[in-house]
Structure formats: structure tokens, C-alpha cells
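K.L.:
Contents of input26.txt (compact mmCIF, C-alpha atoms) are below:
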```txt
# COMPACT_ATOMS: atom_id res chain seq x y z
CA THR P 203 -102.97 109.87 -101.94
CA ALA P 204 -103.12 109.08 -98.26
CA ASP P 205 -106.30 108.18 -96.43
CA GLY P 206 -107.25 111.00 -94.12
CA ASP P 207 -106.10 113.82 -96.41
CA SER P 208 -108.39 116.85 -96.50
CA ALA P 209 -111.36 116.58 -98.87
CA SER P 210 -110.27 119.65 -100.83
CA ASP P 211 -106.78 118.24 -101.42
CA ASN P 212 -108.17 114.89 -102.51
CA ALA P 213 -110.73 116.53 -104.81
CA SER P 214 -108.08 118.55 -106.66
CA VAL P 215 -105.83 115.53 -107.10
CA PHE P 216 -108.69 113.28 -108.17
CA ASP P 217 -109.98 115.85 -110.68
CA ALA P 218 -106.53 116.22 -112.24
CA CYS P 219 -106.20 112.44 -112.57
CA HIS P 220 -109.69 112.12 -114.06
CA ARG P 221 -108.89 114.75 -116.71
CA GLU P 222 -105.73 112.92 -117.73
CA LEU P 223 -107.39 109.50 -117.79
CA ALA P 224 -110.29 110.85 -119.87
CA GLN P 225 -107.73 111.83 -122.53
CA GLY P 226 -106.19 108.36 -122.58
CA ALA P 227 -103.14 109.33 -120.54
CA THR P 228 -101.40 107.11 -117.99
CA VAL P 229 -101.35 108.04 -114.32
CA ALA P 230 -98.69 106.51 -112.05
CA ILE P 231 -99.58 106.17 -108.37
CA PHE P 232 -97.69 104.80 -105.38
CA PRO P 233 -100.72 103.61 -103.40
CA GLU P 234 -98.78 103.03 -100.18
CA GLY P 235 -98.90 106.81 -99.81
CA THR P 236 -95.35 107.16 -98.46
CA THR P 237 -91.70 106.34 -99.15
CA GLY P 238 -89.31 104.32 -97.09
CA ASP P 239 -87.02 101.31 -97.00
CA ARG P 240 -89.20 98.43 -95.88
CA ALA P 241 -88.94 94.67 -96.09
CA GLY P 242 -92.28 94.34 -97.85
CA LEU P 243 -95.33 96.12 -99.15
CA ASP P 244 -96.88 98.69 -96.82
CA ARG P 245 -100.64 99.01 -96.37
CA VAL P 246 -102.19 99.99 -99.69
CA LYS P 247 -104.51 102.97 -99.28
CA SER P 248 -107.79 103.54 -101.02
CA GLY P 249 -106.88 106.58 -103.12
CA ALA P 250 -105.88 104.61 -106.23
CA ALA P 251 -109.14 102.64 -106.22
CA ARG P 252 -111.25 105.76 -105.67
CA ILE P 253 -109.52 107.58 -108.51
CA ALA P 254 -109.97 104.63 -110.86
CA LEU P 255 -113.65 104.09 -110.04
CA GLY P 256 -114.38 107.81 -110.29
CA ALA P 257 -112.79 107.93 -113.74
CA LEU P 258 -115.03 105.24 -115.24
CA PRO P 259 -117.70 107.63 -116.61
CA THR P 260 -115.14 109.21 -118.97
CA ALA P 261 -112.69 106.27 -119.20
CA PRO P 262 -114.84 103.12 -119.25
CA ASP P 263 -112.01 100.88 -120.50
CA LEU P 264 -109.66 101.89 -117.68
CA VAL P 265 -107.27 99.22 -116.39
CA ILE P 266 -104.79 99.21 -113.51
CA VAL P 267 -101.39 97.65 -114.16
CA PRO P 268 -99.69 96.53 -110.91
CA ILE P 269 -95.95 97.17 -110.93
CA GLY P 270 -93.42 95.94 -108.41
CA MET P 271 -90.10 97.75 -108.08
CA ALA P 272 -86.91 96.81 -106.26
CA PHE P 273 -83.68 98.78 -106.10
CA GLU P 274 -80.24 97.30 -105.68
CA SER P 275 -79.33 100.33 -103.57
CA LYS P 276 -81.49 103.22 -102.44
CA VAL P 277 -78.38 105.23 -101.59
CA GLU P 278 -76.50 105.10 -104.88
CA THR P 279 -77.80 107.51 -107.51
CA ARG P 280 -77.30 105.14 -110.45
CA SER P 281 -78.07 101.76 -108.91
CA ARG P 282 -79.81 99.02 -110.86
CA ALA P 283 -83.52 98.34 -110.47
CA ALA P 284 -85.82 95.39 -111.14
CA VAL P 285 -89.34 96.11 -112.40
CA MET P 286 -92.02 93.43 -112.58
CA PHE P 287 -95.46 93.81 -114.16
CA GLY P 288 -98.57 91.95 -113.07
CA GLU P 289 -101.85 91.12 -114.76
CA PRO P 290 -103.93 94.23 -115.60
CA ILE P 291 -107.01 94.83 -113.45
CA VAL P 292 -110.20 95.79 -115.34
CA VAL P 293 -111.70 98.53 -113.17
CA ALA P 294 -115.23 98.27 -114.64
CA GLU P 295 -115.58 94.81 -113.09
CA PHE P 296 -115.54 96.40 -109.64
CA ARG P 297 -118.26 98.97 -110.22
CA GLY P 298 -121.31 97.98 -108.21
CA ALA P 299 -123.30 100.81 -106.66
CA GLY P 300 -121.55 103.40 -108.82
CA VAL P 301 -120.85 106.99 -107.73
CA GLY P 302 -122.68 108.59 -104.83
CA GLY P 303 -124.22 112.04 -104.64
CA ASP P 304 -120.98 113.50 -103.27
CA GLY P 305 -119.10 112.36 -106.39
CA GLU P 306 -117.26 109.64 -104.45
CA PRO P 307 -117.49 105.99 -105.57
CA ASP P 308 -119.27 103.52 -103.33
CA ARG P 309 -117.13 102.61 -100.33
CA ALA P 310 -117.74 98.90 -100.74
CA ASP P 311 -116.59 99.08 -104.39
CA ALA P 312 -113.48 101.04 -103.38
CA ALA P 313 -112.68 98.56 -100.60
CA THR P 314 -113.04 95.58 -102.93
CA LEU P 315 -110.86 97.15 -105.61
CA THR P 316 -108.27 98.19 -103.01
CA ALA P 317 -108.08 94.59 -101.81
CA ARG P 318 -107.60 93.44 -105.41
CA ILE P 319 -104.85 96.03 -105.96
CA THR P 320 -103.15 94.91 -102.76
CA ASP P 321 -103.20 91.28 -103.84
CA ALA P 322 -101.85 92.16 -107.29
CA LEU P 323 -99.03 94.28 -105.87
CA GLU P 324 -98.06 91.56 -103.40
CA ARG P 325 -97.60 89.18 -106.33
CA VAL P 326 -95.06 91.48 -108.02
CA SER P 327 -93.44 93.04 -104.94
CA PRO P 328 -90.71 91.51 -102.82
CA HIS P 329 -91.73 90.52 -99.31
CA PHE P 330 -89.09 89.67 -96.75
CA GLU P 331 -89.49 89.12 -93.02
CA SER P 332 -87.03 91.93 -92.23
CA LEU P 333 -84.54 94.26 -93.88
CA ASP P 334 -81.73 92.09 -92.54
CA GLU P 335 -83.24 88.98 -94.13
CA ARG P 336 -83.68 90.86 -97.39
CA GLU P 337 -80.00 91.76 -97.60
CA VAL P 338 -78.82 88.28 -96.62
CA LEU P 339 -81.10 86.49 -99.08
CA ARG P 340 -80.14 88.85 -101.90
CA ALA P 341 -76.46 88.30 -101.14
CA ALA P 342 -76.95 84.53 -101.09
CA ALA P 343 -78.90 84.70 -104.35
CA HIS P 344 -76.05 86.73 -105.88
CA GLU P 345 -73.55 84.00 -104.99
CA GLU P 346 -75.78 81.33 -106.55
CA ARG P 347 -76.25 83.35 -109.75
CA SER P 348 -72.54 84.12 -109.90
CA GLU P 349 -71.77 80.41 -109.63
CA ALA P 350 -74.39 79.55 -112.25
CA THR P 351 -73.20 82.12 -114.79
CA GLY P 352 -69.50 82.05 -113.98
CA ARG P 353 -69.45 85.85 -113.78
CA VAL P 354 -68.73 88.23 -110.94
CA GLU P 355 -71.19 90.82 -112.24
CA VAL P 356 -74.67 89.35 -112.19
CA SER P 357 -77.90 90.91 -113.40
CA PHE P 358 -79.77 92.40 -110.44
CA GLY P 359 -83.01 91.27 -112.04
CA ASP P 360 -81.86 87.63 -112.09
CA THR P 361 -80.64 87.92 -108.50
CA GLU P 362 -83.91 89.49 -107.37
CA VAL P 363 -85.96 86.69 -108.91
CA VAL P 364 -84.01 84.10 -106.90
CA ALA P 365 -84.15 86.22 -103.72
CA ARG P 366 -87.92 86.55 -103.98
CA ARG P 367 -88.31 82.81 -104.38
CA LEU P 368 -86.15 82.37 -101.30
CA ALA P 369 -88.39 84.81 -99.43
CA GLY P 370 -91.37 82.63 -100.35
CA ALA P 371 -89.71 79.43 -99.13
CA ASP P 372 -90.60 77.83 -95.81
CA PRO P 373 -88.95 79.21 -92.63
CA ALA P 374 -86.62 76.23 -92.26
CA SER P 375 -85.25 76.71 -95.79
CA ARG P 376 -84.76 80.44 -95.26
CA ALA P 377 -82.99 79.79 -91.96
CA ARG P 378 -80.70 77.26 -93.67
CA VAL P 379 -79.75 79.74 -96.39
CA THR P 380 -79.23 82.52 -93.86
CA ALA P 381 -77.01 80.35 -91.63
CA ALA P 382 -74.94 79.20 -94.61
CA TYR P 383 -74.40 82.73 -95.88
CA ARG P 384 -73.52 84.10 -92.43
CA ASP P 385 -70.88 81.38 -92.06
CA PHE P 386 -69.48 82.24 -95.51
CA ALA P 387 -69.46 85.99 -94.77
CA THR P 388 -67.77 85.45 -91.40
CA ARG P 389 -64.98 83.41 -92.97
CA LEU P 390 -64.44 86.11 -95.61
CA GLN P 391 -64.26 88.79 -92.94
CA LEU P 392 -61.77 86.82 -90.85
CA LEU P 393 -59.48 86.52 -93.89
CA GLY P 394 -59.91 90.19 -94.77
CA ILE P 395 -61.18 89.56 -98.29
CA THR P 396 -64.49 90.08 -100.09
CA GLY P 397 -66.63 87.85 -102.24
CA ARG P 398 -65.59 89.81 -105.32
CA GLN P 399 -61.92 89.23 -104.48
CA LEU P 400 -62.61 85.53 -104.11
CA ARG P 401 -63.72 85.51 -107.77
CA PRO P 402 -61.79 88.51 -109.10
CA ASP P 403 -62.68 90.38 -112.26
CA ARG P 404 -60.31 90.26 -115.16
CA VAL P 405 -58.00 93.22 -115.35
CA SER P 406 -58.92 95.21 -118.45
CA ILE P 407 -55.47 95.99 -119.84
CA ALA P 408 -56.85 98.21 -122.61
CA ARG P 409 -58.91 100.34 -120.21
CA LEU P 410 -56.05 100.50 -117.73
CA VAL P 411 -53.56 101.62 -120.39
CA LEU P 412 -55.97 104.21 -121.84
CA SER P 413 -56.72 105.72 -118.44
CA THR P 414 -53.01 105.76 -117.56
CA VAL P 415 -52.13 107.50 -120.83
CA VAL P 416 -54.80 110.17 -120.31
CA LEU P 417 -53.63 110.64 -116.72
CA PHE P 418 -49.99 110.93 -117.82
CA VAL P 419 -50.73 113.41 -120.61
CA ALA P 420 -53.02 115.65 -118.58
CA SER P 421 -52.09 114.73 -115.02
CA SER P 422 -51.56 118.27 -113.78
CA LEU P 423 -54.87 119.47 -115.24
CA LEU P 424 -56.82 116.46 -113.95
CA VAL P 425 -55.34 116.74 -110.46
CA THR P 426 -56.15 120.44 -110.38
CA VAL P 427 -59.73 119.92 -111.53
CA THR P 428 -60.15 117.09 -109.02
CA LEU P 429 -58.92 119.29 -106.17
CA ILE P 430 -61.32 122.04 -107.27
CA HIS P 431 -64.25 119.65 -106.93
CA LEU P 432 -63.17 118.19 -103.56
CA PRO P 433 -65.13 120.75 -101.45
CA ALA P 434 -68.32 119.89 -103.34
CA LEU P 435 -67.64 116.19 -102.87
CA PHE P 436 -67.04 116.77 -99.16
CA VAL P 437 -70.36 118.59 -98.77
CA VAL P 438 -72.22 115.81 -100.61
CA VAL P 439 -70.63 113.05 -98.51
CA VAL P 440 -71.24 114.84 -95.21
CA GLY P 441 -74.76 115.92 -96.16
CA THR P 442 -75.73 112.40 -97.24
CA GLY P 443 -74.25 110.98 -94.06
CA LEU P 444 -76.45 113.22 -91.92
CA VAL P 445 -79.62 111.81 -93.50
CA ARG P 446 -80.92 108.82 -91.56
CA SER P 447 -83.59 107.66 -93.97
CA THR P 448 -82.08 105.26 -96.50
CA ALA P 449 -84.87 105.96 -98.96
CA THR P 450 -84.00 109.67 -99.17
CA LYS P 451 -80.19 109.47 -99.21
CA GLY P 452 -80.07 109.16 -103.00
CA THR P 453 -82.38 112.17 -103.46
CA VAL P 454 -80.33 114.26 -101.04
CA ARG P 455 -77.14 113.26 -102.83
CA ILE P 456 -78.50 114.36 -106.20
CA LEU P 457 -79.82 117.69 -104.90
CA LEU P 458 -76.65 118.49 -102.97
CA GLY P 459 -74.55 117.49 -105.97
CA LEU P 460 -76.45 119.78 -108.31
CA VAL P 461 -76.22 122.74 -105.93
CA THR P 462 -72.57 122.29 -104.97
CA LEU P 463 -71.37 121.56 -108.51
CA LEU P 464 -73.18 124.56 -109.98
CA ALA P 465 -71.76 126.72 -107.18
CA THR P 466 -68.26 125.36 -107.84
CA TRP P 467 -68.42 126.05 -111.57
CA THR P 468 -69.87 129.51 -111.05
CA LEU P 469 -67.35 130.57 -108.40
CA MET P 470 -64.37 129.21 -110.33
CA GLY P 471 -65.57 130.91 -113.50
CA MET P 472 -65.91 134.25 -111.71
CA TRP P 473 -62.54 133.84 -110.02
CA LEU P 474 -60.67 133.01 -113.23
CA GLY P 475 -62.23 135.68 -115.45
CA ASP P 476 -64.87 138.34 -116.04
CA GLY P 477 -67.84 138.57 -118.37
CA TRP P 478 -67.92 135.96 -121.10
CA ALA P 479 -64.54 134.68 -119.91
CA ALA P 480 -66.14 133.72 -116.59
CA LEU P 481 -68.77 131.69 -118.42
CA ALA P 482 -66.14 129.98 -120.58
CA ASN P 483 -63.98 129.20 -117.55
CA GLY P 484 -66.95 127.78 -115.67
CA ILE P 485 -67.80 125.52 -118.60
CA ALA P 486 -64.15 124.46 -118.88
CA VAL P 487 -64.08 123.50 -115.19
CA ALA P 488 -67.30 121.50 -115.63
CA ILE P 489 -65.87 119.68 -118.67
CA GLY P 490 -62.65 118.98 -116.76
CA GLY P 491 -64.67 117.51 -113.92
CA ALA P 492 -66.51 115.24 -116.36
CA VAL P 493 -63.20 114.06 -117.85
CA ALA P 494 -61.82 113.38 -114.37
CA LEU P 495 -64.97 111.38 -113.58
CA VAL P 496 -64.32 109.26 -116.67
CA VAL P 497 -60.61 108.70 -115.97
CA TRP P 498 -60.45 108.08 -112.21
CA PRO P 499 -63.09 105.32 -111.68
CA PRO P 500 -61.54 102.81 -114.15
CA LEU P 501 -58.13 103.34 -112.57
CA MET P 502 -59.54 102.90 -109.08
CA ARG P 503 -61.52 99.79 -110.08
CA GLN P 504 -58.52 98.17 -111.72
CA GLY P 505 -56.42 99.08 -108.69
CA VAL P 506 -58.94 97.37 -106.41
CA VAL P 507 -58.87 94.28 -108.63
CA LEU P 508 -55.07 94.12 -108.51
CA VAL P 509 -55.02 94.57 -104.73
CA GLY P 510 -57.66 91.86 -104.41
CA ARG P 511 -55.60 89.42 -106.45
CA VAL P 512 -52.58 90.04 -104.21
CA ARG P 513 -54.60 89.59 -101.01
CA VAL P 514 -56.14 86.32 -102.25
CA ARG P 515 -52.74 85.04 -103.38
CA ASP P 516 -51.28 85.79 -99.93
CA ARG P 517 -54.10 83.78 -98.30
CA ILE P 518 -54.25 80.95 -100.82
CA GLY P 519 -53.63 78.28 -98.16
CA LEU P 520 -56.60 79.48 -96.09
CA LEU P 521 -59.14 79.54 -98.92
CA PRO P 522 -60.43 75.90 -99.01
CA PRO P 523 -62.81 76.34 -96.01
CA VAL P 524 -64.09 79.60 -97.51
CA LEU P 525 -64.76 77.94 -100.86
CA GLU P 526 -66.54 75.10 -99.09
CA ALA P 527 -68.70 77.61 -97.22
CA ARG P 528 -69.53 79.30 -100.51
CA SER P 529 -70.51 75.96 -102.05
CA ALA P 530 -72.77 75.39 -99.03
CA VAL P 531 -74.51 78.72 -99.72
CA VAL P 532 -75.08 77.84 -103.36
CA ALA P 533 -76.40 74.38 -102.45
CA ALA P 534 -78.74 75.78 -99.78
CA VAL P 535 -80.13 78.37 -102.21
CA ARG P 536 -80.74 75.85 -104.97
CA GLU P 537 -82.37 73.37 -102.60
CA SER P 538 -84.68 76.04 -101.19
CA VAL P 539 -85.63 77.33 -104.63
CA GLU P 540 -86.34 73.82 -105.90
CA ASP P 541 -88.47 73.05 -102.81
CA ASP P 542 -90.40 76.30 -103.31
CA HIS P 543 -90.92 75.55 -107.00
CA GLY P 544 -92.13 72.04 -106.20
CA SER P 545 -94.66 73.28 -103.66
CA SER P 546 -96.05 76.11 -105.85
```
Is it possible to give me this structure as C-alpha cells?

P.N.:
Amino acid sequence: TADGDSASDNASVFDACHRELAQGATVAIFPEGTTGDRAGLDRVKSGAARIALGALPTAPDLVIVPIGMAFESKVETRSRAAVMFGEPIVVAEFRGAGVGGDGEPDRADAATLTARITDALERVSPHFESLDEREVLRAAAHEERSEATGRVEVSFGDTEVVARRLAGADPASRARVTAAYRDFATRLQLLGITGRQLRPDRVSIARLVLSTVVLFVASSLLVTVTLIHLPALFVVVVGTGLVRSTATKGTVRILLGLVTLLATWTLMGMWLGDGWAALANGIAVAIGGAVALVVWPPLMRQGVVLVGRVRVRDRIGLLPPVLEARSAVVAAVRESVEDDHGSS
């Protein structure tokens, strides 16, 4: 709920929340009142505190659990997320003057509880100086975690923990990490390789063979089904590209995908048959699309791995400075994290 909303809108929302809370239900609120891709927590508005205080007469044991969320990508529809929980806030401890004659809780109580909610959310939410710093520190943290675990694929949660500690380090430490990673990234770009290619994944022979066999056995059908879905894919890509807000790209992609895929299955079903045959054909096209989605990505991923191995092998004599730059990133991250841990 945003501050400044009309009283009637607020009253209906508050009443609905109070009914749910009185029955022991859980109500999830994003107290910033808006969505967006920001480097840190936006101003927390008073709606959450007012709802909680107003619910005390029927839910005296009410607590607020602060939750911090971070997404690896707000564009991808199936990206990983990190969720962190803070200490519960006992709402009854913030009831002073109680509820006024207009049914609204005391403003001073609401302001105090809002400040407490803000503090709790800041403890579990990432805060970076800028979006650019956020991406650089996360990338540097990924390199450190990759080095520590010896794996290319690293848990986003583990990476986010390190990135947040970097964000809390002193400016000199953050600048050192940023400079080290920019040097590493520049050297990679000059060689035309990526960090993943520098530490390539193992080629999964079993998955590669299975996908190749399926493609060989049903190549004509898979190619046909893939071509049928290309217009829908084109609409989704173009439509997502036209959206400027990073925070809404994933939502737009899902909605466009649902609409275009349903339209594709319906039109193909009607074109290939009538009546129940149209329904069966539409379902068959949908199943074929799902099979193609299972077969193509492993082949493409393994192809990228193989190409990466060739590119790195061709540039083997130029890699020592890049590896040194990567070691400098890892060292800078670990030094900054240790300094932050020692000062906390």
C-alpha cells in the first residue's frame, strides 16, 4: 500500500488483511509500494505498520517477519533467487496510544513500527551503491566462490552472501575489488573468451549422445515443430526487447509466451484438422514443442562448451595474464570479506 492512496482504497485493503490475520492467515506485503530494479531498499511506506497495528485487536500475537529477496536475473523467467529471513518483530510491543476514533492506529506508533520494519529489512536486503556496482561485486563474488568450490556453477545464494559482505566493506576495499574485476573482464574481452570458457564445464557425453539420438530419430518432426514455434518466439523476443523496465521484462515474457503459444497451438490444430481432430493436433503440437525444448538446450549447451574449449586452446599462450588477473580478483574479494568480518 502506498502512502497517499485514497482513504477508501486503503480501508478496503486494510479490512481484507485484518480479516485474514484474524483467522491466523499470513499476509505478504511489499512495503516499498512499487517494483523496480534498484541497487538497494527503497523507502518503506507506512501501510504495513498500519495494517499490523490495526489487526492487533483480533490478532494480538501478530508478528512481522522481514524477508529480503534477490534475483540472479529479473529478465529470465526461471532465474535463481536468494531469500533471507530476519528476526520476527512482535507488533504488540509497538502499540502505545492504540487506535484512534477513525479506526487508524496512532501515527507515532505507526512511524515507530515503520522505522523498525525498515531497519529489519535493511539487515536482510542487499544494498549496493549503484546497479553497476551490484553487478560487478556479484561477478567478483562468483569468481571467488568458483575458485573456492572448484565448480563453474556456483549457488547463487552463496554468491549473494559474499556480494553483500563486499557491499558492506569500506569504500577502498570495494574500489579494489571493482578495479581487479574490471581488469580481469577487460582481458577476457580482448581475448574473446568468457569466464565460463576459462574454466569450462565437463562435456556430458551421456546427455550429448541421448540428445543426438533423439534428434536423429525424430529430426524431421523436431525441426518442423521448432519452425512452427518460431513466430511465437519472435514475438516474445521482440516484445521483451521493447520493454525498458528490467523488473517487468520477465513478466512480459511470461504473458507474451502464454498468449503466443496458445495461439500457435490453436491455429495449428484448426489448420491440421476439424472438431476433435483439431484439439488432438493442437495437443500434439504442444507436446512436440515440449520435446523440442528438452532436446535442443542440452545440444546447444554442449556445443557452447566444445566451442569454448577450442577457443581457449587456440589462445593458450595468452592465458597466463588472464589467470593472474583472476587470482587478483579472488584475493581482493577474500581480503575485503575478511576485513569486513573483522570489523563487524

K.L.:
For a quick check of understanding, using only C-alpha atoms, which of P:Gly226, P:Gly510, P:Pro523, P:Pro233 has the smallest distance to P:Thr396?

P.N.:
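Nearest to P:Thr396: P:Gly510.
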
K.L.:
Between atom CA of P:Ala527 and atom CA of P:Glu337, measure the distance and give it in Å to one decimal.

P.N.:
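Atom-to-atom, atom CA of P:Ala527 to atom CA of P:Glu337, that is 18.1 Å.
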
K.L.:
Determine the nearest neighbour of P:Glu526 from the options P:Val229, P:Arg389, P:Asp217, P:Asp311, counting all atoms listed in the file.

P.N.:
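Using all atoms listed in the file, the shortest distance to P:Glu526 belongs to P:Arg389.
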
K.L.:
Determine the nearest neighbour of P:Gly452 from the options P:Val509, P:Ile291, P:Val277, P:Ala486, counting all atoms listed in the file.

P.N.:
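Nearest candidate to P:Gly452 out of P:Val509, P:Ile291, P:Val277, P:Ala486: P:Val277.
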
K.L.:
As an exercise, work out the distance from atom CA of P:Leu323 to atom CA of P:Met286 in Å and give it to one decimal place.

P.N.:
9.7 Å

K.L.:
Any chance you could work out the axis-aligned box around stretch 478-482 of chain P, listed atoms only, 3 Å on each side, giving centre and edge lengths in Å to one decimal, as JSON?

P.N.:
```
{"center_x": -66.7, "center_y": 133.0, "center_z": -118.8, "size_x": 10.2, "size_y": 12.0, "size_z": 10.5}
```

K.L.:
Save stretch 467-481 of chain P of the structure in the block above to a file, with N, CA, C and O atoms included, as an mmCIF file, in the first residue's frame.

P.N.:
```cif
data_model
loop_
_atom_site.group_PDB
_atom_site.id
_atom_site.type_symbol
_atom_site.label_atom_id
_atom_site.label_comp_id
_atom_site.auth_asym_id
_atom_site.auth_seq_id
_atom_site.Cartn_x
_atom_site.Cartn_y
_atom_site.Cartn_z
ATOM 1 N N TRP P 467 -0.773 -23.132 -30.885
ATOM 2 C CA TRP P 467 -1.368 -24.465 -30.788
ATOM 3 C C TRP P 467 -2.787 -24.476 -31.339
ATOM 4 O O TRP P 467 -3.201 -25.417 -32.024
ATOM 5 N N THR P 468 -3.531 -23.437 -31.046
ATOM 6 C CA THR P 468 -4.919 -23.362 -31.522
ATOM 7 C C THR P 468 -4.975 -23.262 -33.039
ATOM 8 O O THR P 468 -5.731 -23.999 -33.711
ATOM 9 N N LEU P 469 -4.190 -22.361 -33.608
ATOM 10 C CA LEU P 469 -4.206 -22.170 -35.062
ATOM 11 C C LEU P 469 -3.711 -23.404 -35.800
ATOM 12 O O LEU P 469 -4.286 -23.794 -36.834
ATOM 13 N N MET P 470 -2.656 -24.042 -35.294
ATOM 14 C CA MET P 470 -2.141 -25.236 -35.959
ATOM 15 C C MET P 470 -3.144 -26.386 -35.860
ATOM 16 O O MET P 470 -3.324 -27.158 -36.811
ATOM 17 N N GLY P 471 -3.801 -26.480 -34.699
ATOM 18 C CA GLY P 471 -4.818 -27.525 -34.560
ATOM 19 C C GLY P 471 -5.953 -27.335 -35.536
ATOM 20 O O GLY P 471 -6.421 -28.295 -36.171
ATOM 21 N N MET P 472 -6.424 -26.094 -35.690
ATOM 22 C CA MET P 472 -7.514 -25.801 -36.613
ATOM 23 C C MET P 472 -7.087 -25.994 -38.058
ATOM 24 O O MET P 472 -7.897 -26.397 -38.910
ATOM 25 N N TRP P 473 -5.823 -25.708 -38.351
ATOM 26 C CA TRP P 473 -5.352 -25.832 -39.726
ATOM 27 C C TRP P 473 -5.182 -27.298 -40.140
ATOM 28 O O TRP P 473 -5.427 -27.666 -41.286
ATOM 29 N N LEU P 474 -4.771 -28.134 -39.166
ATOM 30 C CA LEU P 474 -4.497 -29.533 -39.489
ATOM 31 C C LEU P 474 -5.716 -30.442 -39.401
ATOM 32 O O LEU P 474 -5.668 -31.588 -39.856
ATOM 33 N N GLY P 475 -6.805 -29.958 -38.786
ATOM 34 C CA GLY P 475 -7.983 -30.823 -38.663
ATOM 35 C C GLY P 475 -9.205 -30.053 -38.208
ATOM 36 O O GLY P 475 -9.148 -28.843 -37.952
ATOM 37 N N ASP P 476 -10.327 -30.760 -38.084
ATOM 38 C CA ASP P 476 -11.580 -30.162 -37.643
ATOM 39 C C ASP P 476 -12.096 -30.917 -36.420
ATOM 40 O O ASP P 476 -11.794 -32.098 -36.225
ATOM 41 N N GLY P 477 -12.913 -30.229 -35.634
ATOM 42 C CA GLY P 477 -13.551 -30.882 -34.495
ATOM 43 C C GLY P 477 -12.540 -31.393 -33.486
ATOM 44 O O GLY P 477 -11.591 -30.694 -33.111
ATOM 45 N N TRP P 478 -12.768 -32.654 -33.057
ATOM 46 C CA TRP P 478 -11.871 -33.254 -32.078
ATOM 47 C C TRP P 478 -10.466 -33.445 -32.648
ATOM 48 O O TRP P 478 -9.478 -33.437 -31.902
ATOM 49 N N ALA P 479 -10.361 -33.594 -33.959
ATOM 50 C CA ALA P 479 -9.041 -33.730 -34.578
ATOM 51 C C ALA P 479 -8.219 -32.460 -34.399
ATOM 52 O O ALA P 479 -6.999 -32.514 -34.199
ATOM 53 N N ALA P 480 -8.890 -31.304 -34.435
ATOM 54 C CA ALA P 480 -8.187 -30.035 -34.220
ATOM 55 C C ALA P 480 -7.617 -29.973 -32.811
ATOM 56 O O ALA P 480 -6.479 -29.536 -32.603
ATOM 57 N N LEU P 481 -8.404 -30.431 -31.837
ATOM 58 C CA LEU P 481 -7.927 -30.447 -30.456
ATOM 59 C C LEU P 481 -6.740 -31.387 -30.310
ATOM 60 O O LEU P 481 -5.738 -31.048 -29.668
#
```
